[in-house]
Structure formats: C-alpha cells, structure tokens
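Below: run12.txt (compact mmCIF, C-alpha atoms)
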```
# COMPACT_ATOMS: atom_id res chain seq x y z
CA MET A 1 4.55 -9.67 -10.82
CA TYR A 2 7.08 -11.09 -8.41
CA GLY A 3 7.84 -9.59 -5.01
CA LEU A 4 10.36 -10.04 -2.24
CA ILE A 5 10.34 -8.82 1.35
CA GLY A 6 13.64 -9.50 3.06
CA LYS A 7 15.44 -8.62 6.24
CA ALA A 8 19.16 -8.68 6.85
CA THR A 9 21.31 -7.85 9.84
CA CYS A 10 24.59 -6.10 9.21
CA VAL A 11 27.83 -6.48 11.08
CA ALA A 12 27.62 -4.13 14.07
CA GLY A 13 28.02 -0.52 13.01
CA LYS A 14 28.10 -1.27 9.28
CA ARG A 15 24.48 -0.63 8.35
CA ASP A 16 24.94 2.82 6.84
CA GLU A 17 27.91 1.62 4.81
CA PHE A 18 25.91 -1.33 3.52
CA ILE A 19 22.93 0.83 2.60
CA ALA A 20 25.20 3.22 0.72
CA ILE A 21 26.48 0.32 -1.39
CA LEU A 22 22.96 -0.82 -2.16
CA LEU A 23 21.81 2.63 -3.19
CA GLN A 24 24.93 3.58 -5.08
CA ASP A 25 25.44 0.53 -7.24
CA VAL A 26 21.93 -0.72 -7.73
CA GLY A 27 19.99 1.70 -9.88
CA ALA A 28 17.22 0.96 -12.32
CA MET A 29 17.37 -2.69 -13.34
CA PRO A 30 15.50 -4.33 -16.24
CA GLY A 31 12.11 -5.50 -15.04
CA CYS A 32 12.41 -3.83 -11.64
CA LEU A 33 9.27 -1.94 -10.65
CA SER A 34 10.22 -1.06 -7.08
CA TYR A 35 13.28 -1.51 -4.86
CA VAL A 36 13.17 0.12 -1.44
CA VAL A 37 15.86 -0.03 1.22
CA ALA A 38 14.83 0.77 4.80
CA ARG A 39 16.34 0.79 8.26
CA ASP A 40 14.66 -1.11 11.05
CA PRO A 41 13.97 1.54 13.70
CA LYS A 42 14.14 -0.98 16.55
CA GLU A 43 17.24 -2.94 15.54
CA PRO A 44 20.28 -0.72 14.93
CA ASP A 45 21.97 -3.12 12.52
CA ALA A 46 18.93 -4.42 10.63
CA ILE A 47 17.58 -3.43 7.23
CA TRP A 48 14.55 -4.33 5.12
CA ILE A 49 14.55 -4.59 1.35
CA THR A 50 11.20 -4.72 -0.44
CA GLU A 51 11.22 -5.45 -4.17
CA VAL A 52 8.71 -5.70 -7.01
CA TRP A 53 9.68 -7.18 -10.38
CA ASP A 54 7.70 -7.84 -13.52
CA SER A 55 8.71 -11.51 -13.24
CA LYS A 56 10.81 -13.94 -11.23
CA GLU A 57 13.05 -14.27 -14.26
CA SER A 58 13.86 -10.54 -14.25
CA HIS A 59 14.88 -10.78 -10.62
CA SER A 60 17.10 -13.79 -11.30
CA ALA A 61 18.66 -12.04 -14.30
CA SER A 62 19.40 -8.95 -12.20
CA LEU A 63 21.75 -10.96 -10.01
CA GLN A 64 24.03 -11.33 -13.01
CA LEU A 65 24.22 -7.61 -13.83
CA PRO A 66 27.77 -6.27 -13.36
CA ALA A 67 26.61 -3.49 -11.00
CA VAL A 68 24.66 -5.97 -8.88
CA ARG A 69 27.51 -8.48 -8.78
CA GLN A 70 29.81 -5.69 -7.71
CA ALA A 71 27.40 -4.58 -4.98
CA ILE A 72 27.06 -8.14 -3.72
CA ALA A 73 30.84 -8.56 -3.60
CA LYS A 74 31.30 -5.28 -1.73
CA GLY A 75 28.33 -5.75 0.57
CA ARG A 76 28.57 -9.39 1.57
CA PRO A 77 31.32 -8.88 4.19
CA LEU A 78 29.09 -6.31 5.90
CA ILE A 79 26.19 -8.77 6.40
CA ALA A 80 26.04 -10.74 9.65
CA ASN A 81 23.01 -12.80 8.63
CA PHE A 82 19.93 -12.85 6.46
CA GLY A 83 16.50 -13.14 8.01
CA ALA A 84 13.58 -14.93 6.45
CA GLN A 85 12.75 -13.78 2.95
CA THR A 86 9.12 -13.74 1.87
CA VAL A 87 8.14 -14.18 -1.75
CA THR A 88 4.97 -12.33 -2.73
CA GLU A 89 2.76 -11.93 -5.78
CA PRO A 90 2.13 -8.20 -6.11
CA VAL A 91 -1.14 -7.43 -7.83
CA GLY A 92 -1.15 -3.65 -7.96
CA GLY A 93 -0.95 -0.44 -6.03
CA PHE A 94 0.61 2.96 -6.24
CA GLY A 95 4.19 3.92 -7.04
CA LEU A 96 5.22 0.98 -9.20
CA ALA A 97 7.63 2.18 -11.86
CA LYS A 98 7.34 1.06 -15.45
CA ALA A 99 9.64 -1.81 -16.30
CA ARG A 100 12.63 -1.03 -18.51
CA MET B 1 10.40 8.55 5.27
CA TYR B 2 8.06 6.20 7.09
CA GLY B 3 7.41 2.63 5.97
CA LEU B 4 5.08 -0.20 6.86
CA ILE B 5 5.24 -3.89 6.02
CA GLY B 6 2.07 -5.67 7.05
CA LYS B 7 0.39 -9.02 6.61
CA ALA B 8 -3.28 -9.80 6.93
CA THR B 9 -5.32 -12.95 6.55
CA CYS B 10 -8.70 -12.68 4.91
CA VAL B 11 -11.82 -14.65 5.64
CA ALA B 12 -11.56 -17.87 3.62
CA GLY B 13 -12.18 -17.21 -0.06
CA LYS B 14 -12.44 -13.42 0.32
CA ARG B 15 -8.90 -12.42 -0.63
CA ASP B 16 -9.60 -11.30 -4.18
CA GLU B 17 -12.61 -9.30 -3.05
CA PHE B 18 -10.55 -7.60 -0.36
CA ILE B 19 -7.73 -6.79 -2.76
CA ALA B 20 -10.21 -5.28 -5.21
CA ILE B 21 -11.47 -2.93 -2.48
CA LEU B 22 -7.94 -1.88 -1.62
CA LEU B 23 -7.00 -1.19 -5.22
CA GLN B 24 -10.27 0.47 -6.19
CA ASP B 25 -10.75 2.93 -3.37
CA VAL B 26 -7.21 3.70 -2.39
CA GLY B 27 -5.53 5.70 -5.11
CA ALA B 28 -2.81 8.29 -4.75
CA MET B 29 -2.85 9.69 -1.24
CA PRO B 30 -1.08 12.84 -0.01
CA GLY B 31 2.45 11.94 1.09
CA CYS B 32 2.22 8.38 -0.20
CA LEU B 33 5.33 7.33 -2.12
CA SER B 34 4.53 3.63 -2.59
CA TYR B 35 1.62 1.35 -1.74
CA VAL B 36 1.84 -2.23 -3.01
CA VAL B 37 -0.70 -4.98 -2.43
CA ALA B 38 0.50 -8.56 -2.90
CA ARG B 39 -0.85 -12.07 -2.48
CA ASP B 40 1.07 -14.57 -0.37
CA PRO B 41 1.76 -17.45 -2.76
CA LYS B 42 1.88 -20.01 0.04
CA GLU B 43 -1.18 -18.95 2.05
CA PRO B 44 -4.35 -18.74 -0.05
CA ASP B 45 -6.06 -16.15 2.16
CA ALA B 46 -3.05 -13.99 3.09
CA ILE B 47 -1.94 -10.65 1.68
CA TRP B 48 1.00 -8.32 2.18
CA ILE B 49 0.83 -4.55 2.04
CA THR B 50 4.07 -2.59 1.80
CA GLU B 51 3.91 1.18 2.13
CA VAL B 52 6.27 4.15 1.97
CA TRP B 53 5.18 7.59 3.13
CA ASP B 54 7.02 10.89 3.35
CA SER B 55 6.20 10.96 7.09
CA LYS B 56 4.34 9.12 9.81
CA GLU B 57 1.97 12.06 9.94
CA SER B 58 0.98 11.61 6.28
CA HIS B 59 0.16 7.97 6.95
CA SER B 60 -1.94 8.86 9.99
CA ALA B 61 -3.76 11.58 8.03
CA SER B 62 -4.53 9.14 5.21
CA LEU B 63 -6.65 7.06 7.56
CA GLN B 64 -9.08 9.97 7.75
CA LEU B 65 -9.48 10.37 3.98
CA PRO B 66 -13.05 9.60 2.89
CA ALA B 67 -11.91 7.01 0.31
CA VAL B 68 -9.74 5.26 2.88
CA ARG B 69 -12.43 5.30 5.55
CA GLN B 70 -14.82 3.83 3.00
CA ALA B 71 -12.33 1.13 2.06
CA ILE B 72 -11.74 0.25 5.70
CA ALA B 73 -15.49 -0.01 6.34
CA LYS B 74 -16.00 -2.23 3.30
CA GLY B 75 -12.90 -4.32 3.84
CA ARG B 76 -12.93 -4.93 7.58
CA PRO B 77 -15.55 -7.72 7.49
CA LEU B 78 -13.34 -9.58 5.01
CA ILE B 79 -10.32 -9.67 7.34
CA ALA B 80 -9.90 -12.67 9.64
CA ASN B 81 -6.84 -11.30 11.41
CA PHE B 82 -3.87 -8.99 11.06
CA GLY B 83 -0.33 -10.33 11.32
CA ALA B 84 2.56 -8.45 12.79
CA GLN B 85 3.15 -5.07 11.24
CA THR B 86 6.71 -3.83 10.89
CA VAL B 87 7.52 -0.13 10.90
CA THR B 88 10.54 0.78 8.79
CA GLU B 89 12.57 3.89 7.95
CA PRO B 90 12.98 3.84 4.17
CA VAL B 91 16.12 5.62 3.06
CA GLY B 92 15.95 5.33 -0.71
CA GLY B 93 15.70 3.08 -3.68
CA PHE B 94 13.97 2.84 -7.01
CA GLY B 95 10.31 3.36 -7.85
CA LEU B 96 9.31 5.76 -5.11
CA ALA B 97 6.71 8.17 -6.45
CA LYS B 98 6.87 11.86 -5.71
CA ALA B 99 4.68 12.90 -2.82
CA ARG B 100 1.53 14.85 -3.68
```

Take the structure in the file and give it back as structure tokens.
Amino acid sequence: MYGLIGKATCVAGKRDEFIAILLQDVGAMPGCLSYVVARDPKEPDAIWITEVWDSKESHSASLQLPAVRQAIAKGRPLIANFGAQTVTEPVGGFGLAKAR
Amino acid sequence: MYGLIGKATCVAGKRDEFIAILLQDVGAMPGCLSYVVARDPKEPDAIWITEVWDSKESHSASLQLPAVRQAIAKGRPLIANFGAQTVTEPVGGFGLAKAR
C-alpha cells in the first residue's frame, strides 16, 4: 500500500470552501482505500489530508481523473502553501475500504 | 469527529514486532472510524498511526479496553520514543467505517 500525510494552509478564510471542493468532487477513486480531510484545530486556515492507496501508481493515476483535475483547478487558488508531505507504507488497520 | 496523526520510533529492529502487536490486538473499537498503521519508508524504525474517531471521548475510552491495555503493555518496551502527535478535526472523506 501507499500512503500520504499532507498539510496545506488555505488563503485566510477559505478553508471551508476548499474542504467543500475536496469532498464534493473527489469521491471514490480507483485504488483509493482511504481519503480523509480534516481541519487543524489550532490553525484556522490549515487542513490535513491522509490517504491510503493500493499502490503509488493508483495515486498517480488519480491525478488525471477528470473530477480530480477539476477539483485541483478549482481549489488551487484557495491554497496559500503546502506543508511537508510524508509518504508512508501502510501495512494494515481498521477502516480501509476495498479498492475499486 | 476526532483525529490523530502520530509518529513513533521503535527500538532498533523491533518495528515489525511492534506493528504485529498493534494489528493483532487492536481490532474494531467502539467509535473508531479508521485506524491505519504505516511504516515510514525513509526511517527503518519509524511508524505512523493515523486515527479517526467519532469523538475524543471514544478515543479516551478505547485506552481502557482490555485488548488495548494489553497491546500497550506488550508494545511499550518496543518504543524508543514518540514523535509529535497532531490532533485533527476530520470532516469527511472516503473509507471511514461506521462507528460501532
């Protein structure tokens, strides 16, 4: 499996709008086992996205999906900056969906 | 929802043993929506645990479950140190299990 833990900071006051784009346009994607969007409770413009994919290739392919490309185009102006992104190798746990 | 993103570093060479304890003893827990254990691909003794709970209270209560207490007792000697733990407020996404 292939995992990502990433943080991004939105343009001031745009976090809820950005989250809505992420949750509206990005549904179940081939090979996606988990995709969770969270607010940072201490930083009013920051979000965390944690992802689990069956493979790195599925994640890369997802970036070409029309819905994802559309979300990126709509969301990018709302991002002030991206924090460090951590790649992980998930090995198991609870709540991982079956890949499509 | 209540989320946690945490990193820990195991005693050298003990990562696989520690992960096995986490995955064996910690199954579905009341209020747990996601619990993913991952290796850090760059640090041979480091792991990441990402969690989503229906509430902070469910997470706190889980620490008193016999299986979790047993896992903590077995796993603690295998941990060299804990990294920073980030609390998040998950708002949605894909792959979140239903709470029990």

Report task. Write down, as a count of residues only, each residue of chain A that has any atom within 9 Å of an atom of chain B, counting only C-alpha atoms. Result -> 38

Report task. One decimal, Å: what's the distance from atom CA of Ala61 of chain A over to atom CA of Leu4 of chain A, could you say? Result ->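 A separation of 14.8 Å between them.
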
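Taking atom CA of Pro77 of chain B and atom CA of Phe18 of chain B as endpoints, the distance between them is 9.3 Å.
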
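Of the listed residues A:Glu43, A:Leu78, A:Gln64, A:Gln85, the one whose atoms come nearest to Cys10 of chain A is A:Leu78, with distances taken using all atoms listed in the file.
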
Report summary line: From atom CA of Ile21 of chain A to atom CA of Asn81 of chain A the spacing works out at 16.9 Å

Query raised in the report: With all atoms listed in the file as the basis for distance, which of B:Gly83, B:Pro30, B:Pro44, B:Glu17 is at the shortest distance from Ala71 of chain B?
Result: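 The closest residue to Ala71 of chain B is B:Glu17.
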